[in-house]
Amino acid sequence: MLIAFLIMLREGIEAALIVGIVAGYLRQTGRTGWLPAVWGGAGLAAVLCLTVGVALNAASAEFPQRQQEFFEGVVALVAVGMLTSMVFWMARAARSMRAQLHGSVDTALRPDAGRWRGLALVGMVFLAVGREGLESVFFLLATFQQSTGPAVPAGALLGLGGAVAVGWAIYIGGVRIDLRRFFQATSVFILFVAAGLLSGAVRAFHEAGLWNGLQHRVYDLSAVLPDDSPLGVVLSGFFGYHEAPSAGEVIAYLAFLLPALALLRLRVRPPPAMATAGG
């Protein structure tokens, strides 16, 4: 539940931040008549993402066992790719996001665009929110396939509700939070989650009969810290812990996580202070 909550909070805040910046800029520049186009684009993206998620989940339930394992592995790989690209995109774009969005709004609403002005604004918001929504869909699909019970959906809904509340507070100007630190901290967390999903994809492909190498167990802690123990559930959600991983799972986990953390550190490191000229 906690993992789904945090992921949806992070993804939701990113989408809400984009919508809030666009809507706030329209309000500041006296173009509030275009706000329905913003809400419409966001709503269409939400409906599309929900439809895609329901359709993929329903389709996977019809697969035989081996095909279902293969589908789970593919979904996990897509989720890893989307989560990772989102982390590094935000690390690169966070500083200039506001200026870029303001420029995109001005371009979409330029006078010579004629009747396409509203559609351009709807499309801009739709694509921005849809990207975040599809990332969430694939992550939640991968999580649903590895978990049972109502905890994960409940956590996702709570996270989404929290993101909407934060986004609305940012839009009306009542809340100021350090988004840079928030995204930095959650980026590290998401990379650990992505590493666990990648390790799970290796396991799913083995169970589907596609990968049979490196299957010797690196360790077996099932008697000490099983996956279904309270601590095991927490470690599995946060760090991709598995009580008896194969060598392939461990190699995939570390081969992804260590370079990703190092690259993230380089991306978020502040530029060195310019040396002052000496006399």
# chains A, B, ... in the order shown; residues from 1 in each chain; ligands from 1
$ select_by_dssp --residues "segment 217-251 of chain A" --states "alpha helix (DSSP H)" --output "list in words"
Pro230, Leu231, Gly232, Val233, Val234, Leu235, Ser236, Gly237, Phe238, Phe239, Ala247, Gly248, Glu249, Val250 and Ile251 of chain A
$ write_last_selection --atoms "C-alpha atoms" --output "compact mmCIF listing (two decimals), in the first residue's frame"
# COMPACT_ATOMS: atom_id res chain seq x y z
CA PRO A 230 5.86 -7.85 7.75
CA LEU A 231 9.48 -6.76 7.31
CA GLY A 232 9.81 -8.84 4.14
CA VAL A 233 6.78 -7.11 2.61
CA VAL A 234 8.25 -3.68 3.40
CA LEU A 235 11.70 -4.58 2.04
CA SER A 236 10.15 -6.16 -1.05
CA GLY A 237 8.13 -3.04 -1.79
CA PHE A 238 10.92 -0.54 -1.18
CA PHE A 239 14.02 -2.41 -2.31
CA ALA A 247 22.04 -15.02 -9.61
CA GLY A 248 20.33 -13.55 -12.69
CA GLU A 249 17.92 -11.55 -10.52
CA VAL A 250 20.73 -10.16 -8.34
CA ILE A 251 22.88 -9.28 -11.35
$ atom_distance --atom1 "atom CA of Val105 of chain A" --atom2 "atom CA of Gly40 of chain A"
15.1 Å
$ atom_distance --atom1 "atom CA of Gly20 of chain A" --atom2 "atom CA of Gly167 of chain A"
6.2 Å
$ closest_residue --among "A:Val122, A:Glu14, A:Thr143, A:Leu44" --to "Ala76 of chain A" --atoms "only C-alpha atoms"
A:Thr143
$ residues_around --residues "Leu77 of chain A" --least-positions-apart "5" --cutoff "9 Å" --atoms "only C-alpha atoms" --output "PyMOL selection string"
chain A and resi 72+82+194+197-198+201
